[in-house]
Each structure stands twice: as structure tokens, then as C-alpha cells.
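Colleague: Would you mind keeping the following structure in view while I ask a few things?
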Number of protein chains: 2
Amino acid sequence: MVSTEQTKDPVAEQIRSVLDGRWADARQRLRADETFPAAVPGRELGLEEHRAATLEAVRALAGTDLANGALPLAQGGTGDLGASVTGLEMLGHGDLSVLIKAGVQFGLFGGAIANLGTQPHHEQYLRPMADLTLPGCFAMTETGHGSDVQSILTTATHDPETDELVVHSPSPAARKDYIGGAARDGRLAAVFAQLVVAGENHGVHCVLVPIRDDAGQAMPGVTISDCGPKMGLRGVDNGRLMFDHVRVPRANLLNKYGDIDDDGHYSSPIESVNRRFFTMLGTLVRGRVTVGAGAGAAARSALTLAVRYGLARTQFSYPDGEHEVVILDYLGHQRKLLPRLARSYGLALAQNALVEKMAAIDAGEVTSEDAQRELEARAAGIKAITTEHATDTIQACREACGGAGYMTANRFTDLKADTDVFTTFEGDNTVLLQLTGKGMLTNHAADFNELDTRGAILFGARQVTTSVIERTIGGSLIQRLISGAPGRDGDDALNDRGGQLAFFEDRESHLLETLATRLRTADEADSFATFNGAQDHLLEAARARIDRVTLEAFVTAIDEAPQGPGRDLLEKVCDLFVLSTVETNRAWFLEHGRLSSRQSKGVVSRVNELCAELRPEARTLVDAFGIPDAWLTTEMMADLATF
Amino acid sequence: MVSTEQTKDPVAEQIRSVLDGRWADARQRLRADETFPAAVPGRELGLEEHRAATLEAVRALAGTDLANGALPLAQGGTGDLGASVTGLEMLGHGDLSVLIKAGVQFGLFGGAIANLGTQPHHEQYLRPMADLTLPGCFAMTETGHGSDVQSILTTATHDPETDELVVHSPSPAARKDYIGGAARDGRLAAVFAQLVVAGENHGVHCVLVPIRDDAGQAMPGVTISDCGPKMGLRGVDNGRLMFDHVRVPRANLLNKYGDIDDDGHYSSPIESVNRRFFTMLGTLVRGRVTVGAGAGAAARSALTLAVRYGLARTQFSYPDGEHEVVILDYLGHQRKLLPRLARSYGLALAQNALVEKMAAIDAGEVTSEDAQRELEARAAGIKAITTEHATDTIQACREACGGAGYMTANRFTDLKADTDVFTTFEGDNTVLLQLTGKGMLTNHAADFNELDTRGAILFGARQVTTSVIERTIGGSLIQRLISGAPGRDGDDALNDRGGQLAFFEDRESHLLETLATRLRTADEADSFATFNGAQDHLLEAARARIDRVTLEAFVTAIDEAPQGPGRDLLEKVCDLFVLSTVETNRAWFLEHGRLSSRQSKGVVSRVNELCAELRPEARTLVDAFGIPDAWLTTEMMADLATF
């Protein structure tokens, strides 16, 4: 156990252990580690200095759980992917450039080799990947195609004469863009390209292409440029790559899902091009899981700063004229911070459940293909909702700290600028929510990977008549709570955990069923118009799913917590999560007869009450995030301490 | 007339002339002026270079309408305050550091001297203020008190022995903080301090204090420090000031509302300390008007970039597999951009109406004290809503441009970082909306300035039983439209301009009346709890007021526009503003029986339809903002042009 200021509050400690989840020990070790990058105070660095410092910080992680967890046992690692992702999440409390640079190396570059490559690739590349002697890139996005990976233009053409692959960028739109590590450090790139064998295009595959020699010079035929200044993540050297008929050995094809034999024939264990594509993409889920994790951590840092500031900062006097009001005593200020705090709790617990599932699949404890599809759809949704939440929450926290929040020394500058692109990279949030929606309509059946997203959604809609809620966690507990709920009437339902769960499930089911009906009965002749007209409906259904999944994770974590004041407080935070979520969506509940006008107004009042009830516990609730004081240093708290 | 690419579309030109409003000629001159700061492409500058360039850019404005409009005729200016603020707004399309630096000099520093000083101050200081030979500061905010100006700690104590004022910072919390111009350029500061004469505190007054000598060295007793790196506005040299018994002549007191005579006696034309305070603060309204104007301009720049990108960028194919979809064809993308575009139109027109009113009061065309109070309350609300809108819109536009939006070359980095503090400075938005709410409850009667905000709100609540909608603009037109409306039923109302107006007025009235009832009947003994418990209700009432005022400005501007396709298109944009505003607030309309479930769902569908109808006009609508192409250069559009 670490001794930090936070550990003095036993209730915060109880809650921390719930939030820490399965990898609590790994978290505690990192909190105590003074060399962990999040413990190193930020400095004002020039661009090149910042990039160099970021590489060094990632290099220093070699040999830790964080790097070794991304390395299978066979290569000398721990194979504990959960500990690795948890460590990456903890990096999210510090300089986010380090998190992203590490995520690119261990999660994306390492993940591509591990999941798309085979034994020889693992043996040759994974150790140097994990110990940073081989800094890598993940070259998927092109200037012309980001979300639509299937349409990328880079080609990898097999040349039977030399038995090589010729990697080529046929047009400016084919330029690999925003590639982390490309501008400065990367040596080997995992390049996604259309694989052409004997004149036939077999779709997107991944090929390892050396981009720099040992002296750091670009390899022949590779044109490297720097993306230049970005909004944030200055420590990450994003760059652009153009390939002019660059030749690599056939063995550089990551060949798990598609191979070329000695006779120059292509073969794949997956016949359908579409299904193969989605299978390959799906194995890269850890990047999305990591981004969601880091965004959640950044939001919790922001909330900790803003709540502590709000408890110390005063403004305007009480009517007695003698005492000034602590700003967190204002209802408006509570409403800015506390519902977001409650949602951060829910999302942290949903994230934990997601990481556990990913680790179980990675370790081979769960093997069904449907489970993999469900993981991908859930990871997509949680990434989208958590990154959106982080953008919104960090902004609200900046504003809650007023002018002080605008000063770089007080952290919000970097928190905002660094996390801003989280809603975009590793999948644009709108596209990711559609992926979640696709999973709902197809019930994650692997068959649907034969079709593209739009096709799968339209096809899936024909299968759904009454939806089945797919519980991802705590199934029997949830069922018991729902069965014991007093009724579905708004008053009763929202005062009872089972009723709340039923309320969330009902919304999700209804959105899904009506969406399916709408897509089924629409104009067959114009599938673009049909799909596009229902896009907002699909996105709302996906949001409802993630809200429900988040509540299930929250309820399950509370159920597993020991009795005590920490658990009691968690119950109240969960209530605020539920009530504020219903409040945000109460127009829907009113429109669909789930809440009367009176009940809906009652929801608003209840959120106000819960804010007042949680106000005295605010410090405990942010201390329970377990962010060591040393990681949170700012000028503004020191200023407040002087008066 | 200027020849720019935009002028090629006659419909855009028709709409532009409506949006340009009364100072259209001033706008057109600035658009054609290649030396205008917004026309100068941004450069990557070091901090000190950026500060120096910003000062030079503001200095170069000397002699223009922008500077001379802030200067009365008596001092050789044009006295055309509207042209000055319009010019500042146009600066909002460029480097916002220039806007803020100019706003501090002409709006705040110049405004304090003009409005709080008397003839001798005008003669001595206004010309050097306007020609930048006297760079000034506006030193109001302190580290310990920002929103609560009345409680600032700095003192200005009259010393009858020497007939001087002794300006002093008694504690660290009294430090003047975030003061634009303090760190580098300022020579003379307008310092707000508690004025103590013969041992009696007469409340906050403004005193001119030299802070640097001609060589740029801090004056004796003045400790200057630099706020250091900020999120944005890097060209503005924000700093901190501490005063150690700094002596200035008695004549340095800006003495319009409070003076000390030769015998050392204090006198004021306003007896009540509270009323005097609010009167003095109220004259500084032009700072808030300028911030709202600049935020609106920045949001329009962002929308122009994002809409043009959305019309050029493709992603995913149509079902034919041959053509890729322009991303603005996606409903989700339309919903991101078009309702915000419509709201930007409304707010730009509301801003125009506000500037006209301010200019009329400044020119002495309108003289009633109630009109001044109404202006202050409206300016506070429009500043709050427009800056909140800018933060939200620029964020949405960045996300709508994906990874390209994250690259500094594509402008969003600065647009976001620079405007972020607009929601905080010149009045925190929550505090400003309360000021709007106070005006609603007191009907802007000047009497209420005797009381502080909370007191005035509680007292005002006792007077309101049935609210009277105070029309700020287009009164007879609005009345005629409302009288001709087919009914208040949701179906009819929302398809008719008069019905829409009645719908908005009804919401405002109901919120105000129920707020008054709630405050009246609450616990007298605990006025803090009463006020605080109703804070969210008060803020919602203020929002409803600004929505209604915005709609009135929109309707009036359309009414004044010549018949033609431009006007027809404006009608549709106005519909989208109305319907999307109702959609956002539809829970309220449902809860209060103003919309049935069916009607509410119809509002959502209608927003989708309007998005589809306006999609083909999107380019025209952003061209009508009249931002010259040369001011909008980015890399991302050049990239798209290559494929």
C-alpha cells in the first residue's frame, strides 16, 4: 500500500479499491513509482525536445508490466494484456503524449504484429518492439481515407519474379497521414495496403516496411514528411509517408488472415473479402480500448482539479455579509461538476469490465467469435462515449476554474489540447457508434461480417422484431434486480435500482425495435437514403446501449463491493448517474410515455437534491480516483493556499 | 464593392448585406483592406515575437475607424462607436490576440476613461489612448475576486497631507491578475480599488496609476509579473500587478461618479453605494459587447471552414460502389453543422441589434436610465450565449474536419484555444446570465441598482405576478405577426412565424412567472438557500429571454430585407433556428403541455427535413458571412484540391 494524502480518508480508500478493479495492485505500484511518467511534472519544452523526451519516457517503460504485458509468454513477456492497458490508462494522468506514443508502440504496432502476424513475425519483431529497440509505426490512415479503411489506395503488389511485395502510393490521396512515429523515430511501419497477387486485389492487408535505416535516414523510395504543429500531443512525431515502389520480401506480409505461397498463390482461412477485412480490423481493438481508458483518466484528472478548486475558491458573500461562499456550494456549480463526476464513475467501471473481457479473449479464456464481435462493438461505443465525455468534462472543468483554468500551469491547456483528437483517432466517434449500432441489429453474429456496415445494418434490421437485451456483465444479478423492481411506473422505477435498470433496458429495446421497423419498411430501391434518414436514430440507439452497459457495470461493481460507507456512497453516485442520464434524455421518455410531465419535473428536482447530498462528499469522491497529489501539482491551488 | 470569390453568388450577396447590418460599408472597406490584421496570414511566432507583432498590429489601427470610433468628436475622433465595435468584430476573423489587445486598449482602457472620467481626463488621455502612444491596462480582476468586483481588496486611500491617493494591495489575494498589457506593454493602468476618504470606504472606484516609465521599467512600488504561458491568446501580455503604497495625484481619480474636493471631502451624484457601483460597472458594457462580437465572428470562421471541407471531403461509397459520399450528405454531419449555422445567423443579427442600441445610447440618441439597464442585461446575456455557442460550435467544426482539424495549419487550434476564455472574461457566463435574469425580474428598473444582484432578484420576484414581455426590437412587427398567428397549438404555431414568436414568448413568460412565485413563497429566513435552490430556474429563464431576443432580431432583419431568393433562404434558416431551439428544449415544452408527444417527435423530424433542405444551400450560407477567401487559407482545402 502506498502512503499518499488520499489514503487518509478510509471511505475514499474503500471506493478506490472498487474503481481500481482487477488490476488494483498494478495501479498501486504505479502510484508509488516516482519514475512513472505521470509522476514527472510537465515542463515547457521545445517541439524537438518534447519529442525526444517522449521517446525516452516510452523507452523507460521497457521491462515494466506495461511493455511486457503486450508481449506473449513465448517471447518472454507476461502476456498480461490487462495490466498493460491499465498501465497505459494510468499514463493518462500525465503527459498524454507519452500515453499515445506508448499506445502506438505497444498497442497498435505491437498489436498488429501479434494479431495479424504469425510465429516468425512474433519471434523476430515482438521483443524489439517491447524493448523499444525497434520503434514502429502503424500506417493505416491516408490523406484521402480515414474512416473508410476498406477504400485505402496504397497497394502492395506481389512480384513473382523476385518474390517481393511492391508497396506503392499511387496518388496524393494515398499518402499515409497523421502516422505517429513517422516524423522522427519510426524504423519499421506496419503498412495497410490493398494486396494484389497475380493481378487480383484481395483487399486490405498489413505489410511491414522499413522506413528508416539505422542512421535515421529515410529508406530508398520512402518519402517522409512531418505533419507539423498540431493542437496538442506535441511529443508525438506524427508524419506522412509516401511509397514509390518500395520492395520488401514476401515474408514481410503479416499473414495470419491472408498468405502468398511459394508458387505465388494467395490463400486465406476466410473466404469472404468483407469478412476477412472486418476480422483483421477487429483484432486491433486494443487501440480503441486504450484511447477510451486514457480519455477517462484525463477526465478524472480534470474533475479532481476542478472539484478541489471549487472547494477552496470563494466568490460573493452570504447574506450575512461576513462569509464568502465556497463556489461548489452554488447549485449551478454543482450541476457543472457532479453529474459529470457520476458519469465518470460509471464509465470507469464500464472501462474496467471491457478490459477484463479483452484480456480474457486475449488469454484464450473466451474463444467464441461472437464474443469477439461483442467486444469490438462495445469497445467502439465506450471509446466514443468516453472520449466525448472527456472533451465535455475537461471543458466544463476548465470553465469551473475561471481564469485560473486558462493558465497553462494549471493543466487544462494540455488536458484539452491533448485529448481533443481522441474523439477522432482510432475511429471517428460517429463511425464507431454506428459500429455499436450494427452490433445491436445483428446481435453480433459473426455472419454479418460478410457485409459492410451499411449492408449489415440493413440486413440485420430484417431479423430484429423483438429485441433481446444482451447483458454483458452481471447477468443474473441484473435479472434479479429487475425482477424485484416495484414496477415500471416512473416514480417507483427511478427510486429502485432494478427499476432503473428496466428503465434503461426499455429505452434501448424500444429504440432498437423501432429502428429495425423503420429500416425494414423503407424504400428498398434507395438504401443510401434509407440508411441516412435513420442515422440519428441509429446513433441514439447506440448511446442507449452504452448507457445501459455502463449502468450494468456500475451495479455489478457495487454488488461486489464490501458493505460500508464507501459502498453506500457509491449507491448515491450511481443514482446521480442514472437520474442525470434520464434528465438529459427526458424528452425521449416523455415522448414515449415512459414519464409523465410530473415525473419528468421530478427527475430534474431529484438531480438537484442528489447534487446537494453529494456536495459534502465531493472531496472523498475525487480522492477515490486515486491520483497521487504529486501528479496534480498546479499553481492555482498554491495561490488559493496563500489567502 | 469588393471583388472576392464570394461576390459571385448573388444570393450570398443579398444575405451578406442583411447580415452586415448598419455598418455594412465599414465591413466592406475592411474586407478590401489587405493590411487589415485579419487579412495577414498567421505565422508560427515565439512568445515575445507574437506579443510584439500583436502590439504592432494594434498600433497600426491608430487613425482607422476602429480606433477613432472609440474617440469622441471633441478629441478628434469620429465618435462612431458602432463602427469601432464592428471593426473589432471583423478582427475576430483573424488572430484573436489582436482583437483582445485592441479591445483592452480601445474598449476597456479607453472606455473607462471615457465613461468614468471627466473632461480633463478626456483631454489628457483619450488621444494618446487612441493612437497607442499610451498603451493602457484595465486592472479590475484580482487573484481573490473576479466575478465579485464589489469585494476587491485593493485600496486607494486619500492622504489629505499630500492630496494624493495611495494605491495599495494589502494581501496576495489583492493582486491584480490576468491583466492584459500588464506583462509587457502597459504604461498607465485604470486600477479599480476601494476608495477610502477620511477613513470611510466609498466603494469601488477607478484610479489611473502609471505602472511603467518611458523606458519600460516598473514604477516604484509597482511589482509586475508575467502570467506566463496561457492556453491561447499568446499575443496578449497578461500580467499581475501588486501595489505597495503607490502615490498618484488626486486628479488621477476617474471622478464622474465619485469625487474628492479640495477640502478632502468625498461626494457623488449617486448616494447609494450599491447603485453607484452598478452604474459605474454598467458603463463598461462595450467590453462585453466586443467579446460577444468576436466570439460570433470566430464561430462563423469555423463554420465556413467546416462546411467547405464537408462539401469537398468524401468518405465511404454509395451503394453503387462507384461514387464516394460527400460527408455533408450524411444526416449526422448536417446535424452537427447546420443547426449551429442557423444559430450563428440568429446571434449575429442579435449582436447587430445590440451594437445599434449601444451606439444610440453612446451618441445620446437614447438617454433613459432604464434603456441603459436593458442594454447591460441584454449585452450580458448575448455575451454569455454567444461565447458558449462559439466554444460549442468551434469544437463541433474541429471534429467535423477529423484529423485535419487537429493540425495547427487548419486554424482550429487557435480558434479553440484563443476563444476558450471568452466564456470567462468580461464576466463569467453563469454570473452574466444571472444579470440577465435580474433584469427580467426587475424589468430593468434603475431603482434595483440599489440592491446587489441577489437582493434585487429576491426583491424583484415580489413585484412580478404576470410578466410583461419586453420587446427590444421590432415591437409592432412582432405584435402583428403574433396577432396573425393561427393559434398556439404546437402544429400550427411552429409552422408560422407569429406562432413561433408566441411560442418563445410563452416559454419566457412562464419561466419568469413561476420563478417569481417560487422566490416569493420561499423561506424568507434563508435567502441564500432560496436563491441557490432556484439558480437553475433563473439561468433557464435568462436563456429563454436571449432565445426570444435572438428570434426577434432575426425576424426584424428578414422583414427589412428586400424580397428575393436571399430573403427566402433566410426564412428557412430562421425556421431551422426556431425548430432546433425548440428541439433542444423540447423536454420543457412537453413537461408544460406546450407540445404533445406527437408534436415533439414532429419537431425532431422537421429539423431533419430542414437540414436536408438547407444542405444544397450550405455553401451560399457560409459565403454570405462575407469572410474573404484570403482570410481563410488552410492546408486542408489545398490537400483536398489535389485529389
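FYI, nothing fancy with the C-alpha cells labels: chains A, B, ... in order, residues from 1 per chain, ligands from 1 as they appear.
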Produce a table with one row for each residue of chain A that has an atom at most 7 Å from any atom of chain B, each row naming the nearest atom pair and its distance in Å at one decimal; use only C-alpha atoms; arrange rows by chain and rising residue number; format as CSV.
Modeller:
residue,atom,partner,partner_atom,distance
A:His145,CA,B:Gln315,CA,6.6
A:Asp148,CA,B:Phe316,CA,5.5
A:Pro172,CA,B:Thr642,CA,6.7
A:Ala173,CA,B:Phe643,CA,6.0
A:Pro229,CA,B:Thr408,CA,5.4
A:Lys230,CA,B:Met407,CA,4.4
A:Met231,CA,B:Thr413,CA,4.8
A:Gln315,CA,B:Asp148,CA,6.1
A:Phe316,CA,B:Asp148,CA,5.5
A:Tyr318,CA,B:Phe528,CA,6.5
A:Pro319,CA,B:Phe528,CA,6.6
A:Tyr330,CA,B:Asn532,CA,6.2
A:Leu331,CA,B:Asn532,CA,5.9
A:Gly332,CA,B:Asp536,CA,6.2
A:Glu399,CA,B:Thr424,CA,6.8
A:Gly402,CA,B:Thr424,CA,5.8
A:Gly403,CA,B:Thr424,CA,6.5
A:Tyr406,CA,B:Met231,CA,5.5
A:Met407,CA,B:Lys230,CA,4.4
A:Thr408,CA,B:Lys230,CA,4.8
A:Thr413,CA,B:Met231,CA,4.8
A:Val421,CA,B:Tyr406,CA,6.6
A:Thr424,CA,B:Gly402,CA,5.8
A:Phe528,CA,B:Tyr318,CA,6.5
A:Asn532,CA,B:Leu331,CA,5.9
A:Gly533,CA,B:Leu331,CA,6.7
A:Gln535,CA,B:Gly332,CA,6.4
A:Asp536,CA,B:Gly332,CA,6.2
A:Arg586,CA,B:Ala587,CA,6.2
A:Ala587,CA,B:Ala587,CA,4.3
A:Leu590,CA,B:Ser597,CA,7.0
A:Glu591,CA,B:Ser597,CA,4.3
A:Ser597,CA,B:Glu591,CA,4.3
A:Ser600,CA,B:Glu591,CA,6.9
A:Lys601,CA,B:Glu591,CA,7.0
A:Thr642,CA,B:Pro172,CA,6.7
A:Phe643,CA,B:Ala173,CA,6.0
Colleague: Using only C-alpha atoms, tabulate the residues of stretch 223-251 of chain A lying at most 10 Å from any atom of stretch 93-104 of chain A, each with its closest atom pair and that distance in Å to one decimal, by chain and increasing residue number, as JSON lines.
Modeller:
{"residue": "A:Gly232", "atom": "CA", "partner": "A:Ser97", "partner_atom": "CA", "distance": 8.3}
{"residue": "A:Leu233", "atom": "CA", "partner": "A:Ser97", "partner_atom": "CA", "distance": 4.8}
{"residue": "A:Arg234", "atom": "CA", "partner": "A:Ser97", "partner_atom": "CA", "distance": 6.7}
{"residue": "A:Gly235", "atom": "CA", "partner": "A:Ser97", "partner_atom": "CA", "distance": 5.1}
{"residue": "A:Val236", "atom": "CA", "partner": "A:Ser97", "partner_atom": "CA", "distance": 5.7}
{"residue": "A:Asp237", "atom": "CA", "partner": "A:Lys101", "partner_atom": "CA", "distance": 8.6}
{"residue": "A:Asn238", "atom": "CA", "partner": "A:Lys101", "partner_atom": "CA", "distance": 9.9}
Colleague: Write down as a ChimeraX atom specification the residues of stretch 388-539 of chain B whose backbone DSSP state falls under helix (DSSP H, G or I).
Modeller: /B:388-400,402-406,408-410,412-423,429-442,446-450,453-463,475-483,490-494,497-520,527-533,535-539
Colleague: Taking only stretch 55-230 of chain A into account, list the residues labelled strand (DSSP E) by DSSP (computed from the backbone), as a VMD selection string.
Modeller: chain A and resid 136 to 139 155 to 159 164 to 168 176 to 179 188 to 197 200 to 210 222 to 226
Colleague: Between atom CA of B:Val246 and atom CA of B:Leu153, what is the spacing in Å?
Modeller: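 Between atom CA of B:Leu153 and atom CA of B:Val246 the gap is 15.0 Å.
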Colleague: With a distance cut-off of 7 Å and only C-alpha atoms, select the neighbouring residues of A:Ala542, excluding the residue or stretch itself and same-chain residues fewer than 6 positions from it, and output the selection as a PyMOL selection string.
Modeller: chain A and resi 433+436-437
Colleague: Do you have the atom CA of A:Ala295-atom CA of B:Ser580 distance handy?
Modeller: 29.8 Å
Colleague: Give me the residues within 12 Å of B:Thr393 as a PyMOL selection string, counting only C-alpha atoms and dropping any in the same chain fewer than 3 places off.
Modeller: chain B and resi 295-307+335-344+385-390+396-400+412+415-416+419-420
Colleague: In Å, rounded to a single decimal, give me how far atom CA of A:Asp262 is from atom CA of A:Pro249.
Modeller: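 Interatomic distance here is 12.1 Å.
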Colleague: Write out as an mmCIF file with N, CA, C and O atoms, in the first residue's frame which residues come within 10 Å of B:Leu284 when counting only C-alpha atoms, dropping same-chain ones fewer than 3 positions away.
Modeller:
data_model
loop_
_atom_site.group_PDB
_atom_site.id
_atom_site.type_symbol
_atom_site.label_atom_id
_atom_site.label_comp_id
_atom_site.auth_asym_id
_atom_site.auth_seq_id
_atom_site.Cartn_x
_atom_site.Cartn_y
_atom_site.Cartn_z
ATOM 1 N N GLY B 107 -11.532 49.498 -25.947
ATOM 2 C CA GLY B 107 -12.808 49.222 -25.288
ATOM 3 C C GLY B 107 -12.743 49.392 -23.784
ATOM 4 O O GLY B 107 -13.542 50.129 -23.199
ATOM 5 N N LEU B 108 -11.779 48.734 -23.154
ATOM 6 C CA LEU B 108 -11.746 48.730 -21.689
ATOM 7 C C LEU B 108 -10.997 49.941 -21.134
ATOM 8 O O LEU B 108 -11.547 50.720 -20.356
ATOM 9 N N PHE B 109 -9.744 50.091 -21.528
ATOM 10 C CA PHE B 109 -8.945 51.210 -21.029
ATOM 11 C C PHE B 109 -9.566 52.532 -21.511
ATOM 12 O O PHE B 109 -9.891 53.424 -20.709
ATOM 13 N N GLY B 110 -9.811 52.615 -22.816
ATOM 14 C CA GLY B 110 -10.429 53.829 -23.367
ATOM 15 C C GLY B 110 -11.829 54.042 -22.810
ATOM 16 O O GLY B 110 -12.221 55.167 -22.494
ATOM 17 N N GLY B 111 -12.572 52.950 -22.691
ATOM 18 C CA GLY B 111 -13.943 53.051 -22.192
ATOM 19 C C GLY B 111 -13.989 53.526 -20.749
ATOM 20 O O GLY B 111 -14.873 54.311 -20.369
ATOM 21 N N ALA B 112 -13.055 53.072 -19.934
ATOM 22 C CA ALA B 112 -13.024 53.510 -18.527
ATOM 23 C C ALA B 112 -12.771 55.017 -18.464
ATOM 24 O O ALA B 112 -13.457 55.744 -17.729
ATOM 25 N N ALA B 114 -13.269 57.249 -20.859
ATOM 26 C CA ALA B 114 -14.379 57.982 -21.468
ATOM 27 C C ALA B 114 -15.604 58.004 -20.561
ATOM 28 O O ALA B 114 -16.256 59.037 -20.412
ATOM 29 N N ASN B 115 -15.901 56.871 -19.946
ATOM 30 C CA ASN B 115 -17.175 56.752 -19.229
ATOM 31 C C ASN B 115 -17.085 57.034 -17.738
ATOM 32 O O ASN B 115 -18.079 57.404 -17.129
ATOM 33 N N LEU B 116 -15.938 56.815 -17.142
ATOM 34 C CA LEU B 116 -15.817 57.060 -15.696
ATOM 35 C C LEU B 116 -15.059 58.353 -15.417
ATOM 36 O O LEU B 116 -15.130 58.892 -14.309
ATOM 37 N N THR B 279 -23.869 51.390 -11.486
ATOM 38 C CA THR B 279 -23.858 52.405 -12.544
ATOM 39 C C THR B 279 -22.472 52.488 -13.179
ATOM 40 O O THR B 279 -22.326 52.515 -14.404
ATOM 41 N N MET B 280 -21.447 52.482 -12.338
ATOM 42 C CA MET B 280 -20.080 52.562 -12.860
ATOM 43 C C MET B 280 -19.750 51.327 -13.696
ATOM 44 O O MET B 280 -19.190 51.420 -14.790
ATOM 45 N N LEU B 281 -20.115 50.166 -13.183
ATOM 46 C CA LEU B 281 -19.828 48.936 -13.914
ATOM 47 C C LEU B 281 -20.580 48.888 -15.240
ATOM 48 O O LEU B 281 -20.072 48.404 -16.249
ATOM 49 N N GLY B 287 -17.027 46.371 -23.433
ATOM 50 C CA GLY B 287 -16.131 45.208 -23.384
ATOM 51 C C GLY B 287 -16.902 43.925 -23.639
ATOM 52 O O GLY B 287 -16.481 43.068 -24.430
ATOM 53 N N ARG B 288 -18.042 43.800 -22.980
ATOM 54 C CA ARG B 288 -18.853 42.585 -23.173
ATOM 55 C C ARG B 288 -19.408 42.496 -24.581
ATOM 56 O O ARG B 288 -19.481 41.408 -25.161
ATOM 57 N N VAL B 289 -19.815 43.629 -25.111
ATOM 58 C CA VAL B 289 -20.352 43.636 -26.471
ATOM 59 C C VAL B 289 -19.263 43.196 -27.452
ATOM 60 O O VAL B 289 -19.510 42.416 -28.379
ATOM 61 N N GLU B 376 -27.453 46.705 -20.710
ATOM 62 C CA GLU B 376 -26.490 45.929 -19.909
ATOM 63 C C GLU B 376 -26.944 44.485 -19.742
ATOM 64 O O GLU B 376 -26.153 43.548 -19.892
ATOM 65 N N GLU B 426 -14.494 39.203 -19.074
ATOM 66 C CA GLU B 426 -15.584 40.180 -19.207
ATOM 67 C C GLU B 426 -16.869 39.653 -18.559
ATOM 68 O O GLU B 426 -17.963 40.002 -18.992
#
Colleague: Find the residues near A:Gln372: any atom within 8 Å, counting only C-alpha atoms, skip ones fewer than 4 places away on the same chain, and give them as a list of chain:residue names.
Modeller: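 My list of contacting residues is A:Gly282, A:Ile361, A:Thr367, A:Ser368, A:Glu376.
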